[in-house]
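Heads up, the thing below is written out as structure tokens.
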Amino acid sequence: MAKQLAFYYDQSVCTGCKACQVACKDDNDLSSGIIWRRVVEINGGDWIKQGATWGQNIFTYHLSLSCNHCEEGICLEVCPTGAMHKREDGVVLIDEDKCIGCRYCEWACPYEAPQYNDDKGKMSKCDFCYNYIDEGLPPACVAACPMRALDFGELSELQAKYGLVDNIYPMPDPSLTKPAIVITPHADAALAGAEGVSIGNVEEI
Amino acid sequence: MDTRDWALVIFTICAQMAVGSFIILGVVHFFVERKSGLQEADRMSDRALLAIGPVLVLGTLASFLHLGSPINGWRAISNIDSSWLSREILFNVLFMGAGAVFAVMQWRKLSTATIRNAIAVVAALIGVVLVVSMSQVYMIRTVPAWDTVATVLSFFTTTFLLGAMAMGTAYAANYTYMQRKSEPGCGPEGAQCDLLRYALRGLAVASIVLVGVTFVIMPLYMGYLSNDSAATQQSADIIVNDYGVVLGLRLALVFLGAVLLGGFIYRTASDPTRERWMINLAYTAFALVLISEVLGRFLFYASQITSGLG
Ligand code: SF4
Ligand code: SF4
């Protein structure tokens, strides 16, 4: 059994089509306002002077992100009820019977993964489609991607295969929570905290 | 800021005011007892002590309103191992318990004064731990605007400032009540009258010092916010640009209430012919400082920005 399941995301081929986001929303019947997997659009660049003419170096890349089922998830530390818990395979889940809807995990998580369900008065979050995982099937988002940009597996194996990148802007300093994610960066991806780049679809994520 | 966060404003303000009041009450009682004896000290303190309970209960009830599933609220104490939120709730319950035990014993004069004092000291220490754990709840590494010593410092200045102001008001109300009942010692030259002046002078000085501390922390904190990281800059932006008026009002009111009126209270407390003035000033000062602290706490929650995508 896996010790720490993780997502792999090939940002260099992602087109930002949001099939993963929609598949997740549909499969998990998420109510409006709740999106467990979101595709962030990042824009950057400016006019640049080249000799006597003005050109530009603008660029856009996407970042598909859900809960990273972090190795040191701060959600697990701060949750006062123990509702937020880690399975043996590393998947971080919310036990709805225990959750009191205090929203502390929402404040603490730097990936905006826990999202509040107002109808239930409980927190909700990506559960790695553990029902599929347990049957040997891939999560809905992974299965849906037309570019095959998403995959999942044991964190150490993914790292051995694809490297260690886990902080593409606007992701936070990975030492905060040790996210279980491996990314193949887009050619234009600026590293976390870079300046001159901004999120293009703030209202969508 | 989410509307439900107002419940947290009420909870943190009430709990801190209760802790501060309890400690201030003890300190004043200590000095007053040395001045005029245990009996006079108890006459001054006992009714004021009873005012603390309802404040704490109100705050605790408000904290439940913050929860999406309040019925399950008792579970919040289950993660003492790692969650400061669990610890905060534990210490809140313990403080309430110890305070209640002391209040009953003090009111009924059960056991000896020494044992009662010992219980009061224990309750006060639990109160301090409660305020420390309240600040730890917010000092999480992913929220840099909160993760600073300014959080602890400002929680403690709020604790003692509101404690001093609330107890000044409670003493004044108790005194007015005794006067109306024509109890002894409440006229000019009376022992109670003397003690009230003595206490209000001390509390006025303490309040002015605490506001001084606030005015030192504030610019340092704003400097940190505007320099530390993208997340803290966003917090600074919220405080200065979105809520600049609230910030201005918060600072103006605490200055007006604690420093200006505090100064007047000090002067009128030295002049026996201006008793009504002194008492009304104490009430007004408390009201202004309370509003200021509520606004300050509102800004604290409103400026919450998590690093990264949060
Ligand atoms: S992404 Fe957020 S919610 Fe998910 S494990 Fe990490 S800290 Fe917890
Ligand atoms: S909202 Fe639920 S899962 Fe999140 S910290 Fe509170 S009790 Fe835990």
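Residue names in the structure tokens use chain letters A, B, ... in the order shown, residue numbers from 1 in each chain, and ligand numbers from 1 in the order shown.
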message: Can you pull out every residue with an atom within 6 Å of ligand 2? Use only C-alpha atoms and all ligand atoms and format it as JSON, numbers by chain.
response: {"A": [79, 80, 81, 83, 84, 94, 99, 100, 101, 102, 103, 104, 105, 123]}
Next, write the just-selected residues to a file, as a JSON list (two decimals), in the first residue's frame, keeping C-alpha atoms as the atom set.
[["chain", "number", "residue", "atom", "x", "y", "z"],
["A", 79, "CYS", "CA", -8.26, 21.20, 13.45],
["A", 80, "PRO", "CA", -9.65, 21.18, 17.00],
["A", 81, "THR", "CA", -11.83, 18.09, 16.58],
["A", 83, "ALA", "CA", -12.13, 15.69, 11.91],
["A", 84, "MET", "CA", -9.24, 16.42, 9.56],
["A", 94, "ILE", "CA", -12.57, 15.21, 6.70],
["A", 99, "CYS", "CA", -16.38, 18.49, 11.91],
["A", 100, "ILE", "CA", -17.98, 21.44, 13.72],
["A", 101, "GLY", "CA", -17.57, 23.90, 10.87],
["A", 102, "CYS", "CA", -15.19, 26.20, 12.76],
["A", 103, "ARG", "CA", -13.39, 26.97, 9.49],
["A", 104, "TYR", "CA", -10.00, 27.07, 11.15],
["A", 105, "CYS", "CA", -8.53, 24.75, 8.49],
["A", 123, "MET", "CA", -16.01, 21.79, 5.79]]
- prompt: If you count only C-alpha atoms, which residues fall within 6 Å of region 15-28 of chain A, apart from same-chain ones fewer than 6 positions away, as an MDAnalysis selection string?
  reply: chainID A and resid 37:38 62 140:141 144:145
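Going from CA of Gly20 (chain B) to CA of Gln304 (chain B) covers 25.3 Å.
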message: Please identify all residues of chain A having at least one atom at most 9 Å from any atom of chain B, considering only C-alpha atoms, and return them as an NGL selection string.
response: :A and (74 or 76-82 or 97-104 or 106-113 or 116-118 or 120-123 or 169-173 or 176-177 or 192-193)
field: Spatial neighbours of Ile23 (chain B), max dist 10 Å, only C-alpha atoms, sep filter under 2 positions, as a list in words
entry: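 Result of the neighbour search: Met17, Ala18, Val19, Gly20, Ser21, Leu25, Gly26, Val27, Val28, His29, Ala120, Val121, Ala123, Ala124, Leu125, Gly127, Val128, Thr159, Phe160, Gly163, Ala164 and Met167 of chain B.
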Counting only C-alpha atoms, the option among B:Ile279, B:Arg274, B:Leu225, B:Gly296 closest to Val245 (chain B): B:Gly296
message: Just checking: using only C-alpha atoms and all ligand atoms, which residue out of A:Asp95, A:Asp10, A:Glu71, A:Glu203 ends up closest to ligand 1?
response: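 Counting only C-alpha atoms and all ligand atoms, the residue closest to ligand 1 is A:Glu71.
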query: Which is closest to ligand 1 among A:Lys86, A:Lys178, A:His69, A:Lys161, if we use only C-alpha atoms and all ligand atoms?
result: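 Result for the nearest residue to ligand 1: A:His69.
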